[in-house]
>>> print(open('run.cif').read())   # mmCIF, C-alpha atoms
data_data
loop_
_atom_site.label_atom_id
_atom_site.label_comp_id
_atom_site.auth_asym_id
_atom_site.auth_seq_id
_atom_site.Cartn_x
_atom_site.Cartn_y
_atom_site.Cartn_z
CA MET O 7 9.16 -23.82 -9.69
CA THR O 8 6.34 -25.99 -11.00
CA PRO O 9 2.87 -25.29 -9.58
CA GLY O 10 2.02 -27.90 -6.97
CA HIS O 11 5.67 -28.61 -6.15
CA ARG O 12 7.66 -27.11 -3.30
CA VAL O 13 11.20 -27.59 -4.63
CA ALA O 14 12.77 -25.43 -7.36
CA GLU O 15 14.99 -26.65 -10.18
CA THR O 16 17.77 -24.86 -12.05
CA PHE O 17 16.40 -23.02 -15.07
CA LEU O 18 19.67 -21.41 -16.23
CA PRO O 19 23.04 -22.17 -14.62
CA ALA O 20 25.07 -19.42 -12.97
CA GLY O 21 27.49 -17.72 -15.37
CA ALA O 22 25.59 -18.77 -18.50
CA ASP O 23 26.03 -16.35 -21.40
CA GLY O 24 28.40 -14.19 -19.34
CA ARG O 25 25.63 -13.35 -16.88
CA HIS O 26 27.14 -12.69 -13.45
CA THR O 27 24.04 -11.70 -11.46
CA ALA O 28 20.27 -12.05 -11.77
CA ASN O 29 18.50 -9.17 -10.04
CA GLY O 30 15.10 -8.77 -11.69
CA LEU O 31 12.91 -11.15 -13.68
CA GLU O 32 9.90 -10.55 -15.92
CA VAL O 33 8.15 -12.62 -18.59
CA ASP O 34 6.50 -10.78 -21.49
CA ARG O 35 3.44 -11.74 -23.51
CA ALA O 36 5.60 -13.27 -26.24
CA GLY O 37 7.00 -15.86 -23.81
CA ARG O 38 10.37 -14.17 -23.33
CA LEU O 39 12.17 -14.05 -19.99
CA TRP O 40 14.01 -10.79 -19.21
CA VAL O 41 16.82 -11.10 -16.64
CA THR O 42 18.68 -8.06 -15.35
CA ASP O 43 22.41 -8.37 -14.63
CA SER O 44 23.57 -5.52 -12.38
CA THR O 45 27.08 -5.70 -13.85
CA ARG O 46 26.03 -5.66 -17.49
CA GLY O 47 22.44 -4.89 -18.49
CA VAL O 48 19.65 -7.31 -19.39
CA SER O 49 19.52 -10.71 -21.10
CA VAL O 50 16.44 -11.99 -22.93
CA TYR O 51 15.64 -15.71 -23.21
CA ASP O 52 13.03 -17.83 -24.90
CA LEU O 53 11.06 -19.17 -21.94
CA HIS O 54 10.47 -22.59 -23.49
CA SER O 55 13.76 -23.38 -25.22
CA ARG O 56 15.86 -21.37 -22.70
CA ARG O 57 17.83 -20.01 -25.67
CA LEU O 58 19.44 -16.58 -25.40
CA LEU O 59 17.73 -14.18 -27.81
CA ALA O 60 19.40 -10.85 -27.08
CA GLN O 61 21.52 -8.92 -24.62
CA PHE O 62 21.41 -5.17 -23.98
CA GLU O 63 24.39 -3.55 -22.28
CA VAL O 64 24.83 -0.22 -20.48
CA PRO O 65 26.80 2.32 -22.55
CA GLY O 66 29.71 4.38 -21.24
CA VAL O 67 32.27 3.79 -18.51
CA ALA O 68 30.55 5.51 -15.56
CA PRO O 69 29.54 3.19 -12.68
CA PHE O 70 26.07 1.65 -12.91
CA PHE O 71 23.89 -0.99 -11.25
CA ILE O 72 20.97 -2.36 -13.27
CA ASN O 73 18.49 -3.46 -10.65
CA ASP O 74 14.83 -4.14 -11.40
CA LEU O 75 12.52 -4.01 -14.41
CA ALA O 76 8.87 -3.66 -15.39
CA LEU O 77 6.84 -4.34 -18.54
CA THR O 78 4.11 -2.18 -20.02
CA PRO O 79 1.24 -3.61 -22.11
CA ASP O 80 2.81 -2.46 -25.37
CA GLY O 81 5.82 -4.72 -24.73
CA THR O 82 8.25 -2.01 -23.64
CA VAL O 83 10.65 -2.86 -20.80
CA TYR O 84 11.85 -0.29 -18.26
CA LEU O 85 14.90 -0.89 -16.05
CA THR O 86 16.15 0.99 -12.99
CA ASP O 87 19.80 1.97 -12.54
CA SER O 88 20.49 2.34 -8.82
CA VAL O 89 23.77 4.22 -9.27
CA ARG O 90 23.13 6.54 -12.22
CA ASN O 91 19.56 7.16 -10.98
CA VAL O 92 18.08 6.77 -14.43
CA VAL O 93 15.51 4.41 -15.95
CA HIS O 94 16.46 2.71 -19.20
CA ARG O 95 14.02 1.52 -21.84
CA VAL O 96 13.89 -1.24 -24.44
CA THR O 97 11.01 -0.92 -26.93
CA PRO O 98 9.76 -3.75 -29.18
CA ALA O 99 11.39 -1.97 -32.13
CA GLN O 100 14.72 -1.81 -30.31
CA PHE O 101 14.44 -5.49 -29.47
CA ALA O 102 13.77 -6.34 -33.14
CA ARG O 103 16.80 -4.30 -34.24
CA ALA O 104 19.01 -6.06 -31.69
CA ARG O 105 17.84 -9.46 -32.93
CA ALA O 106 18.65 -8.45 -36.50
CA ALA O 107 22.09 -7.30 -35.38
CA GLY O 108 23.09 -10.65 -33.91
CA GLY O 109 21.36 -10.27 -30.56
CA ARG O 110 23.36 -7.27 -29.32
CA GLY O 111 21.86 -3.98 -28.22
CA VAL O 112 22.51 -0.93 -26.04
CA LEU O 113 20.27 0.32 -23.23
CA ARG O 114 18.88 3.81 -23.81
CA THR O 115 17.88 6.15 -20.98
CA ARG O 116 14.24 7.27 -20.94
CA PHE O 117 14.02 8.95 -17.50
CA ASP O 118 16.74 10.84 -15.61
CA LEU O 119 15.78 11.44 -11.97
CA THR O 120 19.06 13.02 -10.87
CA GLY O 121 17.48 16.44 -10.31
CA LEU O 122 14.52 14.99 -8.40
CA LEU O 123 16.31 12.74 -5.93
CA PRO O 124 17.91 14.07 -2.74
CA SER O 125 21.68 13.69 -2.57
CA HIS O 126 22.89 10.48 -0.95
CA PRO O 127 26.32 10.05 0.67
CA ASP O 128 28.97 7.74 -0.78
CA ARG O 129 26.90 6.84 -3.84
CA ALA O 130 24.33 5.02 -1.74
CA PRO O 131 21.91 3.12 -3.99
CA ALA O 132 18.70 4.95 -4.85
CA LEU O 133 16.29 3.73 -7.54
CA ASN O 134 15.35 0.12 -6.99
CA GLY O 135 11.91 -1.43 -7.54
CA ILE O 136 9.69 -0.42 -10.45
CA ALA O 137 6.10 -1.34 -11.31
CA THR O 138 3.50 -0.53 -13.96
CA GLY O 139 0.27 1.37 -13.29
CA PRO O 140 -3.11 0.49 -14.86
CA GLY O 141 -2.90 0.26 -18.63
CA GLY O 142 0.77 1.22 -18.62
CA ARG O 143 -0.12 4.93 -18.58
CA TRP O 144 2.47 5.47 -15.87
CA LEU O 145 5.06 3.61 -13.81
CA LEU O 146 6.21 3.91 -10.22
CA THR O 147 9.75 3.58 -8.87
CA ALA O 148 11.13 3.98 -5.36
CA ASP O 149 14.28 5.56 -3.92
CA MET O 150 15.33 2.99 -1.33
CA THR O 151 17.70 5.38 0.47
CA GLY O 152 15.71 8.62 0.45
CA GLY O 153 12.31 6.95 0.77
CA GLY O 154 10.64 8.81 -2.11
CA LEU O 155 8.19 7.34 -4.60
CA TYR O 156 8.27 8.64 -8.18
CA ARG O 157 5.82 8.58 -11.06
CA LEU O 158 7.12 8.07 -14.61
CA ALA O 159 5.09 9.03 -17.69
CA PRO O 160 6.24 6.91 -20.68
CA GLY O 161 4.52 9.15 -23.21
CA THR O 162 6.33 12.33 -22.19
CA GLY O 163 9.47 11.08 -20.45
CA ARG O 164 8.53 13.19 -17.43
CA ALA O 165 9.21 12.07 -13.85
CA SER O 166 7.60 13.55 -10.73
CA ARG O 167 7.46 12.80 -7.03
CA VAL O 168 4.35 11.05 -5.68
CA ASP O 169 2.62 12.54 -2.66
CA THR O 170 2.82 9.80 0.00
CA HIS O 171 1.18 11.91 2.71
CA GLY O 172 4.39 12.18 4.73
CA THR O 173 5.19 8.46 4.83
CA ARG O 174 8.56 7.48 3.39
CA LEU O 175 9.31 4.21 1.63
CA ARG O 176 12.59 3.61 3.45
CA ASN O 177 14.53 0.54 2.26
CA ALA O 178 11.93 -0.03 -0.46
CA ASP O 179 13.02 -2.83 -2.76
CA GLY O 180 10.57 -4.77 -4.94
CA LEU O 181 7.22 -3.24 -5.96
CA GLU O 182 4.07 -4.97 -7.15
CA THR O 183 0.84 -3.37 -8.40
CA ALA O 184 -2.68 -4.58 -9.13
CA GLY O 185 -5.25 -1.97 -10.09
CA ARG O 186 -4.89 0.85 -7.59
CA SER O 187 -3.11 -1.26 -4.96
CA MET O 188 0.65 -1.42 -4.53
CA TRP O 189 2.74 -3.72 -2.34
CA VAL O 190 6.27 -2.79 -1.26
CA VAL O 191 9.11 -4.90 0.13
CA HIS O 192 11.29 -3.11 2.72
CA ASN O 193 14.47 -5.18 2.77
CA THR O 194 16.46 -4.47 5.95
CA ASP O 195 13.23 -3.76 7.86
CA ASP O 196 11.97 -7.32 7.20
CA ALA O 197 8.69 -5.67 6.26
CA LEU O 198 5.91 -5.51 3.66
CA SER O 199 3.50 -2.62 3.13
CA ARG O 200 0.31 -2.13 1.13
CA TRP O 201 -0.59 1.21 -0.47
CA ARG O 202 -3.65 2.74 -2.11
CA LEU O 203 -2.91 4.72 -5.28
CA SER O 204 -4.89 7.60 -6.71
CA HIS O 205 -6.44 7.06 -10.14
CA ASP O 206 -3.62 9.03 -11.84
CA GLY O 207 -0.74 7.72 -9.73
CA THR O 208 0.17 11.12 -8.29
CA ARG O 209 -0.76 10.19 -4.70
CA ALA O 210 -0.31 7.10 -2.53
CA ARG O 211 -1.38 6.33 1.01
CA GLU O 212 -0.08 3.46 3.17
CA GLU O 213 -2.95 1.20 4.28
CA ALA O 214 -1.13 -1.63 6.09
CA ARG O 215 2.34 -2.77 7.09
CA ARG O 216 3.71 -6.01 8.51
CA SER O 217 7.17 -6.76 9.84
CA ASP O 218 8.54 -10.21 10.63
CA PRO O 219 12.17 -11.44 10.99
CA ALA O 220 11.00 -14.64 9.28
CA LEU O 221 11.08 -12.71 5.98
CA GLN O 222 14.91 -12.97 6.19
CA LEU O 223 15.67 -9.64 4.48
CA PRO O 224 13.13 -9.77 1.65
CA THR O 225 14.08 -8.18 -1.67
CA THR O 226 11.24 -8.71 -4.12
CA LEU O 227 7.80 -10.23 -4.51
CA THR O 228 5.12 -11.27 -6.92
CA ARG O 229 1.38 -11.67 -6.36
CA SER O 230 -0.77 -14.57 -7.57
CA ARG O 231 -4.40 -15.29 -6.63
CA GLY O 232 -4.24 -13.05 -3.59
CA THR O 233 -1.00 -14.50 -2.21
CA LEU O 234 2.27 -12.58 -2.08
CA TYR O 235 5.34 -14.70 -2.83
CA VAL O 236 8.35 -13.01 -1.23
CA VAL O 237 12.03 -13.75 -1.86
CA ARG O 238 13.97 -14.32 1.38
CA SER O 239 17.38 -13.07 0.23
CA GLN O 240 19.43 -13.55 3.42
CA PHE O 241 21.67 -10.79 2.02
CA ASP O 242 22.84 -10.11 5.58
CA ARG O 243 24.27 -13.62 5.91
CA GLY O 244 27.34 -13.71 3.76
CA GLY O 245 25.77 -11.57 1.03
CA PRO O 246 26.21 -7.89 0.11
CA MET O 247 24.71 -6.68 3.42
CA GLY O 248 26.62 -8.60 6.06
CA PRO O 249 28.96 -11.47 6.99
CA GLY O 250 28.03 -15.00 7.90
CA THR O 251 26.56 -18.05 6.24
CA PRO O 252 23.05 -18.26 4.80
CA ARG O 253 20.65 -20.97 5.84
CA THR O 254 20.11 -23.39 2.97
CA PRO O 255 18.10 -24.24 1.05
CA PHE O 256 16.89 -20.71 0.26
CA THR O 257 13.13 -20.32 0.52
CA ILE O 258 10.22 -18.25 -0.75
CA ALA O 259 7.64 -16.97 1.74
CA ALA O 260 3.90 -17.11 0.98
CA VAL O 261 2.13 -14.17 2.66
CA ARG O 262 -1.65 -14.01 2.74
CA GLY O 263 -4.06 -11.41 4.04
CA LEU O 264 -2.09 -8.26 3.16
#
>>> encode(input="run.cif", output="structure tokens")
Amino acid sequence: MTPGHRVAETFLPAGADGRHTANGLEVDRAGRLWVTDSTRGVSVYDLHSRRLLAQFEVPGVAPFFINDLALTPDGTVYLTDSVRNVVHRVTPAQFARARAAGGRGVLRTRFDLTGLLPSHPDRAPALNGIATGPGGRWLLTADMTGGGLYRLAPGTGRASRVDTHGTRLRNADGLETAGRSMWVVHNTDDALSRWRLSHDGTRAREEARRSDPALQLPTTLTRSRGTLYVVRSQFDRGGPMGPGTPRTPFTIAAVRGL
């Protein structure tokens, strides 16, 4: 979507490079677009030429679902797996090795939250959104089924639960941070919430929450110049969360004042 225009254009066609889904998107400082594919791993493109640079796949045969991703200032990418309940990592060195090996790489687990998360029935999805704290010293990820928020320390590989003062992040999907503020999308609740984080990311308190059916089952968001741009997924209209037919064209909501 070009600034100043209201209509999007196709950047990469569906199915390109064997990519079957596009769940999370991030652009790094080198001008590379990272696109998660829940059925495979992550693909990396040159933002200007749209050329595929590398693909990282999930190892093993156990079920997985690569969901969202976040970048830290040193160029490392972290990706949530909603089924294995782990967070994978791709460092700049790993990316360079994959490029030298013909653009193929394997995702490596950095955090395993299995022992921290409550058990969920029927392999209900858990880890979903992920965001970076100030300076990349820590990251935050949410359990969309259990409602917990978790702090990840890249330097040590340690994960711990964040004290949310008794408030659960039920149906938490996309996360966005700026300084000590965090915004959360709650998909099936048609809601957005704003949180205040402690300086070390060990505590978070909900400051505001808005719910509106016009959000059409929101799944992720980004923030620019004080405005939240929220994806209206319509997943409950013929998507993975319900039957029916979505209203087209799909739209992005602009939310101000939260």
>>> resolve_selection(input="run.cif", expression="the PyMOL selection byres ((chain O and resi 108) around 12)", output="JSON, numbers by chain")
{"O": [58, 59, 60, 61, 62, 101, 102, 103, 104, 105, 106, 107, 109, 110, 111]}
>>> atom_distance(input="run.cif", atom1="atom CA of O:His11", atom2="atom CA of O:Arg35")
24.3 Å
>>> closest_atom_pairs(input="run.cif", of="stretch 54-166 of chain O", to="stretch 202-210 of chain O", cutoff="9 Å", atoms="all atoms listed in the file", output="Markdown table")
| residue | atom | partner | partner_atom | distance |
| --- | --- | --- | --- | --- |
| O:Gly139 | CA | O:Gly207 | CA | 7.3 |
| O:Pro140 | CA | O:His205 | CA | 8.7 |
| O:Arg143 | CA | O:Asp206 | CA | 8.6 |
| O:Trp144 | CA | O:Gly207 | CA | 7.3 |
| O:Leu145 | CA | O:Gly207 | CA | 8.2 |
| O:Leu146 | CA | O:Gly207 | CA | 7.9 |
| O:Leu155 | CA | O:Ala210 | CA | 8.8 |
| O:Tyr156 | CA | O:Thr208 | CA | 8.5 |
| O:Arg157 | CA | O:Gly207 | CA | 6.7 |
| O:Ser166 | CA | O:Thr208 | CA | 8.2 |
>>> atom_distance(input="run.cif", atom1="atom CA of O:Trp189", atom2="atom CA of O:Gly135")
10.8 Å
>>> closest_residue(input="run.cif", among="O:Gly172, O:Gly37, O:Pro124, O:Gly30", to="O:Ile72", atoms="only C-alpha atoms")
O:Gly30
>>> residues_around(input="run.cif", residues="O:Gly152", least_positions_apart="2", cutoff="9 Å", atoms="all atoms listed in the file", output="list in words")
Leu123, Pro124, Ser125, His126, Ala132, Ala148, Asp149, Met150, Gly154, Arg174, Leu175, Arg176 and Asn177 of chain O
>>> closest_residue(input="run.cif", among="O:Ser88, O:Thr162, O:Thr183, O:Thr170", to="O:Ala76", atoms="all atoms listed in the file")
O:Thr183
>>> atom_distance(input="run.cif", atom1="atom CA of O:Pro79", atom2="atom CA of O:Ala137")
12.1 Å
>>> closest_residue(input="run.cif", among="O:Gly10, O:Pro65, O:Pro19, O:Pro224", to="O:Phe241", atoms="all atoms listed in the file")
O:Pro224
>>> closest_residue(input="run.cif", among="O:Asp34, O:Asp74, O:Asp196, O:Asp179", to="O:Ala259", atoms="only C-alpha atoms")
O:Asp196
>>> residues_around(input="run.cif", residues="O:Ala165", least_positions_apart="5", cutoff="9 Å", atoms="only C-alpha atoms", output="list in words")
Phe117, Asp118, Leu119, Leu122, Tyr156, Arg157, Leu158 and Ala159 of chain O
>>> residues_around(input="run.cif", residues="O:Leu198", least_positions_apart="5", cutoff="12 Å", atoms="only C-alpha atoms", output="PDB file with C-alpha atoms, in the frame of the given file")
ATOM      1  CA  LEU O 175       9.310   4.210   1.630  1.00  0.00           C
ATOM      2  CA  ARG O 176      12.590   3.610   3.450  1.00  0.00           C
ATOM      3  CA  ASN O 177      14.530   0.540   2.260  1.00  0.00           C
ATOM      4  CA  ALA O 178      11.930  -0.030  -0.460  1.00  0.00           C
ATOM      5  CA  ASP O 179      13.020  -2.830  -2.760  1.00  0.00           C
ATOM      6  CA  GLY O 180      10.570  -4.770  -4.940  1.00  0.00           C
ATOM      7  CA  LEU O 181       7.220  -3.240  -5.960  1.00  0.00           C
ATOM      8  CA  GLU O 182       4.070  -4.970  -7.150  1.00  0.00           C
ATOM      9  CA  MET O 188       0.650  -1.420  -4.530  1.00  0.00           C
ATOM     10  CA  TRP O 189       2.740  -3.720  -2.340  1.00  0.00           C
ATOM     11  CA  VAL O 190       6.270  -2.790  -1.260  1.00  0.00           C
ATOM     12  CA  VAL O 191       9.110  -4.900   0.130  1.00  0.00           C
ATOM     13  CA  HIS O 192      11.290  -3.110   2.720  1.00  0.00           C
ATOM     14  CA  ASN O 193      14.470  -5.180   2.770  1.00  0.00           C
ATOM     15  CA  GLU O 212      -0.080   3.460   3.170  1.00  0.00           C
ATOM     16  CA  GLU O 213      -2.950   1.200   4.280  1.00  0.00           C
ATOM     17  CA  ALA O 214      -1.130  -1.630   6.090  1.00  0.00           C
ATOM     18  CA  ARG O 215       2.340  -2.770   7.090  1.00  0.00           C
ATOM     19  CA  ARG O 216       3.710  -6.010   8.510  1.00  0.00           C
ATOM     20  CA  SER O 217       7.170  -6.760   9.840  1.00  0.00           C
ATOM     21  CA  ASP O 218       8.540 -10.210  10.630  1.00  0.00           C
ATOM     22  CA  PRO O 219      12.170 -11.440  10.990  1.00  0.00           C
ATOM     23  CA  ALA O 220      11.000 -14.640   9.280  1.00  0.00           C
ATOM     24  CA  LEU O 221      11.080 -12.710   5.980  1.00  0.00           C
ATOM     25  CA  GLN O 222      14.910 -12.970   6.190  1.00  0.00           C
ATOM     26  CA  LEU O 223      15.670  -9.640   4.480  1.00  0.00           C
ATOM     27  CA  PRO O 224      13.130  -9.770   1.650  1.00  0.00           C
ATOM     28  CA  THR O 225      14.080  -8.180  -1.670  1.00  0.00           C
ATOM     29  CA  THR O 226      11.240  -8.710  -4.120  1.00  0.00           C
ATOM     30  CA  LEU O 227       7.800 -10.230  -4.510  1.00  0.00           C
ATOM     31  CA  LEU O 234       2.270 -12.580  -2.080  1.00  0.00           C
ATOM     32  CA  TYR O 235       5.340 -14.700  -2.830  1.00  0.00           C
ATOM     33  CA  VAL O 236       8.350 -13.010  -1.230  1.00  0.00           C
ATOM     34  CA  VAL O 237      12.030 -13.750  -1.860  1.00  0.00           C
ATOM     35  CA  ALA O 259       7.640 -16.970   1.740  1.00  0.00           C
ATOM     36  CA  VAL O 261       2.130 -14.170   2.660  1.00  0.00           C
ATOM     37  CA  ARG O 262      -1.650 -14.010   2.740  1.00  0.00           C
ATOM     38  CA  GLY O 263      -4.060 -11.410   4.040  1.00  0.00           C
ATOM     39  CA  LEU O 264      -2.090  -8.260   3.160  1.00  0.00           C
TER      40      LEU O 264
END
>>> closest_residue(input="run.cif", among="O:Met247, O:Val168, O:Val41, O:Leu53", to="O:Thr194", atoms="all atoms listed in the file")
O:Met247
>>> resolve_selection(input="run.cif", expression="the PyMOL selection byres ((chain O and resi 91-98) around 8)", output="PyMOL selection string")
chain O and resi 81-90+99-102+113-120+132-133
>>> closest_residue(input="run.cif", among="O:Ser49, O:Ser199, O:Ser55, O:Thr254", to="O:Leu75", atoms="all atoms listed in the file")
O:Ser49
>>> axis_aligned_box(input="run.cif", around="stretch 100-113 of chain O", padding_each_side="6 Å", output="AutoDock Vina command-line options")
--center_x 18.6 --center_y -5.2 --center_z -29.9 --size_x 21.6 --size_y 23.0 --size_z 25.3
>>> decode(input="run.cif", residues="stretch 45-58 of chain O", atoms="N, CA, C and O atoms", output="mmCIF file, in the first residue's frame")
data_model
loop_
_atom_site.group_PDB
_atom_site.id
_atom_site.type_symbol
_atom_site.label_atom_id
_atom_site.label_comp_id
_atom_site.auth_asym_id
_atom_site.auth_seq_id
_atom_site.Cartn_x
_atom_site.Cartn_y
_atom_site.Cartn_z
ATOM 1 N N THR O 45 2.858 -23.321 7.274
ATOM 2 C CA THR O 45 3.033 -24.708 6.845
ATOM 3 C C THR O 45 4.476 -25.062 6.521
ATOM 4 O O THR O 45 4.770 -26.211 6.210
ATOM 5 N N ARG O 46 5.375 -24.057 6.637
ATOM 6 C CA ARG O 46 6.745 -24.315 6.182
ATOM 7 C C ARG O 46 7.810 -23.685 7.073
ATOM 8 O O ARG O 46 8.691 -24.360 7.578
ATOM 9 N N GLY O 47 7.764 -22.376 7.247
ATOM 10 C CA GLY O 47 8.792 -21.685 8.016
ATOM 11 C C GLY O 47 8.748 -20.203 7.725
ATOM 12 O O GLY O 47 7.754 -19.536 7.991
ATOM 13 N N VAL O 48 9.825 -19.666 7.139
ATOM 14 C CA VAL O 48 9.867 -18.245 6.812
ATOM 15 C C VAL O 48 10.643 -18.044 5.512
ATOM 16 O O VAL O 48 11.649 -18.707 5.262
ATOM 17 N N SER O 49 10.127 -17.142 4.678
ATOM 18 C CA SER O 49 10.789 -16.767 3.426
ATOM 19 C C SER O 49 11.283 -15.340 3.543
ATOM 20 O O SER O 49 10.628 -14.491 4.162
ATOM 21 N N VAL O 50 12.435 -15.056 2.942
ATOM 22 C CA VAL O 50 13.052 -13.731 3.035
ATOM 23 C C VAL O 50 13.216 -13.174 1.624
ATOM 24 O O VAL O 50 13.800 -13.834 0.752
ATOM 25 N N TYR O 51 12.709 -11.953 1.411
ATOM 26 C CA TYR O 51 12.732 -11.328 0.087
ATOM 27 C C TYR O 51 13.467 -9.994 0.129
ATOM 28 O O TYR O 51 13.470 -9.311 1.150
ATOM 29 N N ASP O 52 14.049 -9.636 -0.996
ATOM 30 C CA ASP O 52 14.560 -8.289 -1.172
ATOM 31 C C ASP O 52 13.357 -7.378 -1.404
ATOM 32 O O ASP O 52 12.556 -7.610 -2.314
ATOM 33 N N LEU O 53 13.209 -6.364 -0.567
ATOM 34 C CA LEU O 53 12.011 -5.537 -0.596
ATOM 35 C C LEU O 53 11.864 -4.779 -1.912
ATOM 36 O O LEU O 53 10.748 -4.521 -2.362
ATOM 37 N N HIS O 54 12.976 -4.441 -2.544
ATOM 38 C CA HIS O 54 12.905 -3.631 -3.757
ATOM 39 C C HIS O 54 12.773 -4.472 -5.023
ATOM 40 O O HIS O 54 11.941 -4.181 -5.880
ATOM 41 N N SER O 55 13.566 -5.527 -5.127
ATOM 42 C CA SER O 55 13.496 -6.371 -6.327
ATOM 43 C C SER O 55 12.435 -7.459 -6.220
ATOM 44 O O SER O 55 12.073 -8.073 -7.214
ATOM 45 N N ARG O 56 11.960 -7.736 -4.981
ATOM 46 C CA ARG O 56 10.989 -8.796 -4.689
ATOM 47 C C ARG O 56 11.574 -10.192 -4.927
ATOM 48 O O ARG O 56 10.856 -11.178 -5.026
ATOM 49 N N ARG O 57 12.883 -10.277 -5.009
ATOM 50 C CA ARG O 57 13.553 -11.558 -5.256
ATOM 51 C C ARG O 57 13.681 -12.356 -3.959
ATOM 52 O O ARG O 57 14.001 -11.819 -2.906
ATOM 53 N N LEU O 58 13.436 -13.665 -4.050
ATOM 54 C CA LEU O 58 13.603 -14.536 -2.897
ATOM 55 C C LEU O 58 15.085 -14.678 -2.574
ATOM 56 O O LEU O 58 15.892 -15.045 -3.424
#
